[in-house]
file target23.cif (mmCIF, C-alpha atoms and all ligand atoms)
data_protein
loop_
_atom_site.group_PDB
_atom_site.id
_atom_site.type_symbol
_atom_site.label_atom_id
_atom_site.label_comp_id
_atom_site.auth_asym_id
_atom_site.auth_seq_id
_atom_site.Cartn_x
_atom_site.Cartn_y
_atom_site.Cartn_z
ATOM 1 C CA MET Z 61 -12.084 -7.238 7.904
ATOM 2 C CA SER Z 62 -11.096 -6.440 4.339
ATOM 3 C CA ARG Z 63 -9.520 -3.204 3.186
ATOM 4 C CA GLN Z 64 -9.074 -1.051 0.158
ATOM 5 C CA LEU Z 65 -5.748 0.671 -0.317
ATOM 6 C CA ARG Z 66 -4.683 2.805 -3.217
ATOM 7 C CA GLY Z 67 -1.605 1.518 -4.989
ATOM 8 C CA HIS Z 68 0.910 4.082 -3.859
ATOM 9 C CA HIS Z 69 -0.180 3.744 -0.234
ATOM 10 C CA LEU Z 70 1.196 0.214 -0.298
ATOM 11 C CA MET Z 71 4.580 1.827 -0.734
ATOM 12 C CA CYS Z 72 3.954 4.681 1.715
ATOM 13 C CA ALA Z 73 3.173 2.104 4.401
ATOM 14 C CA LEU Z 74 6.761 0.914 4.335
ATOM 15 C CA GLY Z 75 8.098 4.345 5.224
ATOM 16 C CA PHE Z 76 5.433 5.490 7.650
ATOM 17 C CA ARG Z 77 7.023 6.823 10.845
ATOM 18 C CA GLY Z 78 4.025 8.619 12.281
ATOM 19 C CA HIS Z 79 4.306 11.708 10.106
ATOM 20 C CA GLY Z 80 1.239 12.987 8.307
ATOM 21 C CA TYR Z 81 -0.648 16.001 7.059
ATOM 22 C CA SER Z 82 -2.208 16.445 10.507
ATOM 23 C CA PRO Z 83 -2.216 14.545 13.814
ATOM 24 C CA ALA Z 84 -5.619 13.052 12.932
ATOM 25 C CA PHE Z 85 -4.380 11.959 9.511
ATOM 26 C CA ALA Z 86 -1.315 10.309 11.028
ATOM 27 C CA ALA Z 87 -3.365 8.605 13.755
ATOM 28 C CA ASN Z 88 -5.807 7.196 11.209
ATOM 29 C CA MET Z 89 -2.993 5.922 8.997
ATOM 30 C CA ALA Z 90 -1.250 4.374 12.003
ATOM 31 C CA ASP Z 91 -4.475 2.592 12.991
ATOM 32 C CA ILE Z 92 -5.016 1.187 9.496
ATOM 33 C CA LEU Z 93 -1.447 -0.051 9.132
ATOM 34 C CA ALA Z 94 -1.335 -1.501 12.640
ATOM 35 C CA ALA Z 95 -4.517 -3.456 11.941
ATOM 36 C CA LEU Z 96 -3.029 -4.859 8.738
ATOM 37 C CA ASP Z 97 0.228 -5.780 10.440
ATOM 38 C CA ARG Z 98 -1.679 -7.554 13.221
ATOM 39 C CA ALA Z 99 -3.615 -9.563 10.639
ATOM 40 C CA PRO Z 100 -1.383 -10.023 7.571
ATOM 41 C CA GLU Z 101 -3.866 -12.406 5.949
ATOM 42 C CA THR Z 102 -6.323 -9.520 5.587
ATOM 43 C CA PRO Z 103 -7.586 -9.253 1.983
ATOM 44 C CA VAL Z 104 -6.647 -5.897 0.503
ATOM 45 C CA GLN Z 105 -8.143 -4.558 -2.700
ATOM 46 C CA VAL Z 106 -5.723 -2.330 -4.615
ATOM 47 C CA VAL Z 107 -7.369 0.775 -6.050
ATOM 48 C CA ASP Z 108 -6.517 4.041 -7.806
ATOM 49 C CA VAL Z 109 -9.031 6.201 -5.985
ATOM 50 C CA PRO Z 110 -9.093 7.768 -2.502
ATOM 51 C CA ASP Z 111 -9.109 5.172 0.278
ATOM 52 C CA GLY Z 112 -9.464 5.052 4.036
ATOM 53 C CA ILE Z 113 -6.127 6.802 4.485
ATOM 54 C CA CYS Z 114 -7.211 9.659 2.206
ATOM 55 C CA ALA Z 115 -10.464 9.898 4.155
ATOM 56 C CA ALA Z 116 -8.611 11.625 6.994
ATOM 57 C CA PHE Z 117 -6.857 14.177 4.795
ATOM 58 C CA PRO Z 118 -7.413 17.541 6.488
ATOM 59 C CA ALA Z 119 -10.135 19.610 4.856
ATOM 60 C CA ASP Z 120 -8.235 22.853 5.470
ATOM 61 C CA GLN Z 121 -5.247 21.854 3.307
ATOM 62 C CA PRO Z 122 -4.950 21.817 -0.485
ATOM 63 C CA GLY Z 123 -5.961 18.348 -1.554
ATOM 64 C CA HIS Z 124 -4.042 16.188 -3.978
ATOM 65 C CA CYS Z 125 -5.785 12.811 -3.639
ATOM 66 C CA LEU Z 126 -7.447 13.087 -7.048
ATOM 67 C CA GLU Z 127 -4.552 14.676 -8.927
ATOM 68 C CA ALA Z 128 -3.516 12.862 -12.073
ATOM 69 C CA ASP Z 129 0.081 12.265 -11.014
ATOM 70 C CA VAL Z 130 -1.048 10.675 -7.759
ATOM 71 C CA VAL Z 131 -3.495 8.385 -9.557
ATOM 72 C CA GLU Z 132 -0.751 7.533 -12.019
ATOM 73 C CA ARG Z 133 1.500 6.654 -9.078
ATOM 74 C CA ASP Z 134 -1.174 4.232 -7.867
ATOM 75 C CA ARG Z 135 -1.363 2.577 -11.251
ATOM 76 C CA ARG Z 136 2.405 2.300 -11.617
ATOM 77 C CA VAL Z 137 2.762 0.546 -8.255
ATOM 78 C CA ILE Z 138 -0.143 -1.803 -8.972
ATOM 79 C CA ALA Z 139 1.223 -2.736 -12.399
ATOM 80 C CA ARG Z 140 4.753 -3.163 -11.108
ATOM 81 C CA VAL Z 141 3.631 -5.785 -8.581
ATOM 82 C CA GLY Z 142 1.858 -7.668 -11.352
ATOM 83 C CA LEU Z 143 -1.720 -6.731 -10.518
ATOM 84 C CA ASN Z 144 -4.645 -4.845 -12.017
ATOM 85 C CA VAL Z 145 -6.638 -2.112 -10.329
ATOM 86 C CA GLY Z 146 -9.330 -3.844 -8.254
ATOM 87 C CA ASP Z 147 -7.407 -7.064 -7.598
ATOM 88 C CA VAL Z 148 -7.403 -8.464 -4.067
ATOM 89 C CA LEU Z 149 -4.436 -10.035 -2.304
ATOM 90 C CA THR Z 150 -3.471 -10.528 1.306
ATOM 91 C CA TRP Z 151 -1.468 -7.820 3.005
ATOM 92 C CA ARG Z 152 1.355 -10.314 3.440
ATOM 93 C CA GLU Z 153 1.499 -11.153 -0.253
ATOM 94 C CA LEU Z 154 1.300 -7.508 -1.286
ATOM 95 C CA ARG Z 155 4.290 -6.700 0.906
ATOM 96 C CA ARG Z 156 6.191 -9.647 -0.506
ATOM 97 C CA ARG Z 157 5.521 -8.444 -4.041
ATOM 98 C CA LEU Z 158 6.558 -4.885 -3.209
ATOM 99 C CA GLY Z 159 9.856 -6.124 -1.862
ATOM 100 C CA ALA Z 160 10.442 -8.225 -4.958
ATOM 101 C CA ALA Z 161 9.404 -5.589 -7.506
ATOM 102 C CA PHE Z 162 11.026 -2.360 -6.341
ATOM 103 C CA SER Z 163 14.461 -1.197 -5.356
ATOM 104 C CA PRO Z 164 14.856 1.751 -2.960
ATOM 105 C CA ALA Z 165 16.247 3.888 -5.793
ATOM 106 C CA ASP Z 166 13.004 3.424 -7.741
ATOM 107 C CA LEU Z 167 11.238 5.796 -5.361
ATOM 108 C CA ASP Z 168 13.145 8.764 -6.760
ATOM 109 C CA GLY Z 169 11.358 8.300 -10.071
ATOM 110 C CA LEU Z 170 8.047 7.169 -8.662
ATOM 111 C CA CYS Z 171 7.469 9.764 -5.952
ATOM 112 C CA THR Z 172 8.903 12.941 -7.448
ATOM 113 C CA THR Z 173 6.220 15.258 -6.068
ATOM 114 C CA CYS Z 174 5.941 13.755 -2.586
ATOM 115 C CA ARG Z 175 6.999 15.902 0.332
ATOM 116 C CA TRP Z 176 8.063 12.846 2.354
ATOM 117 C CA LEU Z 177 10.526 11.524 -0.224
ATOM 118 C CA PRO Z 178 13.506 13.653 0.924
ATOM 119 C CA LEU Z 179 13.231 12.218 4.444
ATOM 120 C CA GLY Z 180 14.392 8.857 3.123
ATOM 121 C CA PHE Z 181 12.058 6.842 5.337
ATOM 122 C CA CYS Z 182 10.427 5.059 2.406
ATOM 123 C CA ARG Z 183 13.712 3.962 0.894
ATOM 124 C CA GLU Z 184 14.746 2.709 4.328
ATOM 125 C CA GLY Z 185 11.436 0.920 4.816
ATOM 126 C CA LEU Z 186 11.697 -0.848 1.489
ATOM 127 C CA ALA Z 187 15.296 -1.866 2.183
ATOM 128 C CA ALA Z 188 14.268 -3.195 5.591
ATOM 129 C CA LEU Z 189 11.417 -5.190 4.067
ATOM 130 C CA GLN Z 190 13.775 -6.703 1.526
ATOM 131 C CA SER Z 191 16.271 -7.558 4.228
ATOM 132 C CA THR Z 192 13.587 -9.259 6.303
ATOM 133 C CA SER Z 193 12.210 -11.098 3.278
ATOM 134 C CA ALA Z 194 15.660 -12.412 2.390
ATOM 135 C CA VAL Z 195 16.083 -13.790 5.897
ATOM 136 C CA ASP Z 196 12.586 -15.274 5.879
ATOM 137 C CA ALA Z 197 13.060 -16.858 2.475
ATOM 138 C CA GLY Z 198 15.996 -18.787 3.827
ATOM 139 C CA LYS Z 199 14.006 -20.107 6.738
ATOM 140 C CA ARG Z 200 10.549 -20.942 5.548
ATOM 141 C CA GLU Z 201 7.832 -20.540 2.958
ATOM 142 C CA MET Z 202 5.745 -17.387 3.324
ATOM 143 C CA PRO Z 203 2.708 -18.886 5.051
ATOM 144 C CA GLY Z 204 0.341 -16.304 3.596
ATOM 145 C CA ALA Z 205 1.332 -16.744 -0.022
ATOM 146 C CA SER Z 206 -1.179 -18.596 -2.123
ATOM 147 C CA ALA Z 207 0.152 -21.541 -4.074
ATOM 148 C CA ALA Z 208 0.227 -19.607 -7.321
ATOM 149 C CA GLY Z 209 0.821 -16.239 -5.673
ATOM 150 C CA GLY Z 210 -2.107 -14.845 -7.648
ATOM 151 C CA PRO Z 211 -4.872 -12.496 -6.626
ATOM 152 C CA LEU Z 212 -7.555 -13.759 -4.252
ATOM 153 C CA SER Z 213 -9.991 -12.193 -6.649
ATOM 154 C CA ALA Z 214 -9.683 -10.201 -9.829
ATOM 155 C CA ALA Z 215 -10.748 -6.662 -10.564
ATOM 156 C CA GLY Z 216 -14.489 -6.230 -10.655
ATOM 157 C CA ALA Z 217 -15.156 -9.626 -9.118
ATOM 158 C CA PRO Z 218 -15.792 -9.430 -5.375
ATOM 159 C CA ASP Z 219 -14.012 -12.218 -3.545
ATOM 160 C CA ALA Z 220 -15.605 -14.669 -1.172
ATOM 161 C CA THR Z 221 -14.852 -12.441 1.804
ATOM 162 C CA GLY Z 222 -16.602 -9.435 0.320
ATOM 163 C CA ALA Z 223 -13.249 -7.662 -0.014
ATOM 164 C CA ALA Z 224 -14.506 -5.511 -2.852
ATOM 165 C CA THR Z 225 -16.675 -3.498 -0.487
ATOM 166 C CA PRO Z 226 -15.573 0.117 -0.903
ATOM 167 C CA ARG Z 227 -14.358 1.929 2.193
ATOM 168 C CA GLY Z 228 -13.144 5.390 2.799
ATOM 169 C CA ALA Z 229 -14.093 8.437 0.859
ATOM 170 C CA PRO Z 230 -12.463 11.473 -0.621
ATOM 171 C CA ARG Z 231 -12.030 14.175 1.986
HETATM 172 S S1 LIG A 301 7.940 9.057 -1.013
HETATM 173 FE FE1 LIG A 301 5.806 9.700 -0.584
HETATM 174 S S2 LIG A 301 4.478 8.724 -2.140
HETATM 175 FE FE2 LIG A 301 6.533 7.707 -2.175
HETATM 176 S S3 LIG A 301 6.265 5.931 -0.846
HETATM 177 FE FE3 LIG A 301 7.087 7.581 0.431
HETATM 178 S S4 LIG A 301 5.307 8.651 1.350
HETATM 179 FE FE4 LIG A 301 4.577 7.358 -0.357
#
call {"tool": "encode", "arguments": {"input": "target23.cif", "output": "structure tokens", "more": "lines below"}}
Ligand code: SF4
result
Amino acid sequence: MSRQLRGHHLMCALGFRGHGYSPAFAANMADILAALDRAPETPVQVVDVPDGICAAFPADQPGHCLEADVVERDRRVIARVGLNVGDVLTWRELRRRLGAAFSPADLDGLCTTCRWLPLGFCREGLAALQSTSAVDAGKREMPGASAAGGPLSAAGAPDATGAATPRGAPR
């Protein structure tokens, strides 16, 4: 099954420790991330609009999913990993690129308005990913990386798996 994830949620996934805006939001996010981790070859389309994680944002809380700074955060993450909005890569390759493109200190500038930033989980998650990647790189090739490391499909061009199918909706 393919997925859509907004750019900054790629980063949030690294620091997710079960916290969320509500128990239902956290459970939904945990389900999505667990599914991706079980199947790291899953094609993921990177977007700058609300995704399946946003879909569980509680309706009784002030929303932020469409705010300009959040959309800008999506676009900054997507550009930093060398992609365009709408590109599709495997979950494994996206994580590899995140680890290569960001340092934990970068989150202070990227996530200034996020309530989870002070907890430090995301910096820790990124550092852990980089530590794991360094160990893996010494042992073997990343089996999920394409030969060129490029997108499975480009923005606006659905890939062969139908990964461009939109999912999720604004709350
Ligand atoms: S600090 Fe907030 S926006 Fe930044 S990666 Fe962590 S949860 Fe996501």
call {"tool": "resolve_selection", "arguments": {"input": "target23.cif", "expression": "the PyMOL selection byres (((not hetatm)) within 12 of (chain A and resi 301))", "output": "PDB file with C-alpha atoms, in the frame of the given file"}}
result
ATOM      1  CA  ARG Z  66      -4.683   2.805  -3.217  1.00  0.00           C
ATOM      2  CA  GLY Z  67      -1.605   1.518  -4.989  1.00  0.00           C
ATOM      3  CA  HIS Z  68       0.910   4.082  -3.859  1.00  0.00           C
ATOM      4  CA  HIS Z  69      -0.180   3.744  -0.234  1.00  0.00           C
ATOM      5  CA  LEU Z  70       1.196   0.214  -0.298  1.00  0.00           C
ATOM      6  CA  MET Z  71       4.580   1.827  -0.734  1.00  0.00           C
ATOM      7  CA  CYS Z  72       3.954   4.681   1.715  1.00  0.00           C
ATOM      8  CA  ALA Z  73       3.173   2.104   4.401  1.00  0.00           C
ATOM      9  CA  LEU Z  74       6.761   0.914   4.335  1.00  0.00           C
ATOM     10  CA  GLY Z  75       8.098   4.345   5.224  1.00  0.00           C
ATOM     11  CA  PHE Z  76       5.433   5.490   7.650  1.00  0.00           C
ATOM     12  CA  ARG Z  77       7.023   6.823  10.845  1.00  0.00           C
ATOM     13  CA  GLY Z  78       4.025   8.619  12.281  1.00  0.00           C
ATOM     14  CA  HIS Z  79       4.306  11.708  10.106  1.00  0.00           C
ATOM     15  CA  GLY Z  80       1.239  12.987   8.307  1.00  0.00           C
ATOM     16  CA  TYR Z  81      -0.648  16.001   7.059  1.00  0.00           C
ATOM     17  CA  ALA Z  86      -1.315  10.309  11.028  1.00  0.00           C
ATOM     18  CA  MET Z  89      -2.993   5.922   8.997  1.00  0.00           C
ATOM     19  CA  ILE Z 113      -6.127   6.802   4.485  1.00  0.00           C
ATOM     20  CA  HIS Z 124      -4.042  16.188  -3.978  1.00  0.00           C
ATOM     21  CA  CYS Z 125      -5.785  12.811  -3.639  1.00  0.00           C
ATOM     22  CA  ASP Z 129       0.081  12.265 -11.014  1.00  0.00           C
ATOM     23  CA  VAL Z 130      -1.048  10.675  -7.759  1.00  0.00           C
ATOM     24  CA  VAL Z 131      -3.495   8.385  -9.557  1.00  0.00           C
ATOM     25  CA  GLU Z 132      -0.751   7.533 -12.019  1.00  0.00           C
ATOM     26  CA  ARG Z 133       1.500   6.654  -9.078  1.00  0.00           C
ATOM     27  CA  ASP Z 134      -1.174   4.232  -7.867  1.00  0.00           C
ATOM     28  CA  ARG Z 136       2.405   2.300 -11.617  1.00  0.00           C
ATOM     29  CA  VAL Z 137       2.762   0.546  -8.255  1.00  0.00           C
ATOM     30  CA  LEU Z 158       6.558  -4.885  -3.209  1.00  0.00           C
ATOM     31  CA  PHE Z 162      11.026  -2.360  -6.341  1.00  0.00           C
ATOM     32  CA  SER Z 163      14.461  -1.197  -5.356  1.00  0.00           C
ATOM     33  CA  PRO Z 164      14.856   1.751  -2.960  1.00  0.00           C
ATOM     34  CA  ALA Z 165      16.247   3.888  -5.793  1.00  0.00           C
ATOM     35  CA  ASP Z 166      13.004   3.424  -7.741  1.00  0.00           C
ATOM     36  CA  LEU Z 167      11.238   5.796  -5.361  1.00  0.00           C
ATOM     37  CA  ASP Z 168      13.145   8.764  -6.760  1.00  0.00           C
ATOM     38  CA  GLY Z 169      11.358   8.300 -10.071  1.00  0.00           C
ATOM     39  CA  LEU Z 170       8.047   7.169  -8.662  1.00  0.00           C
ATOM     40  CA  CYS Z 171       7.469   9.764  -5.952  1.00  0.00           C
ATOM     41  CA  THR Z 172       8.903  12.941  -7.448  1.00  0.00           C
ATOM     42  CA  THR Z 173       6.220  15.258  -6.068  1.00  0.00           C
ATOM     43  CA  CYS Z 174       5.941  13.755  -2.586  1.00  0.00           C
ATOM     44  CA  ARG Z 175       6.999  15.902   0.332  1.00  0.00           C
ATOM     45  CA  TRP Z 176       8.063  12.846   2.354  1.00  0.00           C
ATOM     46  CA  LEU Z 177      10.526  11.524  -0.224  1.00  0.00           C
ATOM     47  CA  PRO Z 178      13.506  13.653   0.924  1.00  0.00           C
ATOM     48  CA  LEU Z 179      13.231  12.218   4.444  1.00  0.00           C
ATOM     49  CA  GLY Z 180      14.392   8.857   3.123  1.00  0.00           C
ATOM     50  CA  PHE Z 181      12.058   6.842   5.337  1.00  0.00           C
ATOM     51  CA  CYS Z 182      10.427   5.059   2.406  1.00  0.00           C
ATOM     52  CA  ARG Z 183      13.712   3.962   0.894  1.00  0.00           C
ATOM     53  CA  GLU Z 184      14.746   2.709   4.328  1.00  0.00           C
ATOM     54  CA  GLY Z 185      11.436   0.920   4.816  1.00  0.00           C
ATOM     55  CA  LEU Z 186      11.697  -0.848   1.489  1.00  0.00           C
TER      56      LEU Z 186
END
call {"tool": "closest_atom_pairs", "arguments": {"input": "target23.cif", "of": "region 120-146 of chain Z", "to": "region 97-106 of chain Z", "cutoff": "9 Å", "atoms": "all atoms listed in the file", "output": "CSV"}}
result
residue,atom,partner,partner_atom,distance
Z:Asp134,CA,Z:Val106,CA,8.6
Z:Ile138,CA,Z:Val106,CA,7.1
Z:Leu143,CA,Z:Val106,CA,8.4
Z:Asn144,CA,Z:Val106,CA,7.9
Z:Val145,CA,Z:Val106,CA,5.8
Z:Gly146,CA,Z:Val106,CA,5.3
call {"tool": "write_last_selection", "arguments": {"input": "target23.cif", "atoms": "C-alpha atoms", "output": "mmCIF file, in the coordinates of the input"}}
result
data_model
loop_
_atom_site.group_PDB
_atom_site.id
_atom_site.type_symbol
_atom_site.label_atom_id
_atom_site.label_comp_id
_atom_site.auth_asym_id
_atom_site.auth_seq_id
_atom_site.Cartn_x
_atom_site.Cartn_y
_atom_site.Cartn_z
ATOM 1 C CA ASP Z 134 -1.174 4.232 -7.867
ATOM 2 C CA ILE Z 138 -0.143 -1.803 -8.972
ATOM 3 C CA LEU Z 143 -1.720 -6.731 -10.518
ATOM 4 C CA ASN Z 144 -4.645 -4.845 -12.017
ATOM 5 C CA VAL Z 145 -6.638 -2.112 -10.329
ATOM 6 C CA GLY Z 146 -9.330 -3.844 -8.254
#
call {"tool": "atom_distance", "arguments": {"input": "target23.cif", "atom1": "CA of Ser82 (chain Z)", "atom2": "CA of Val107 (chain Z)"}}
result
23.4 Å
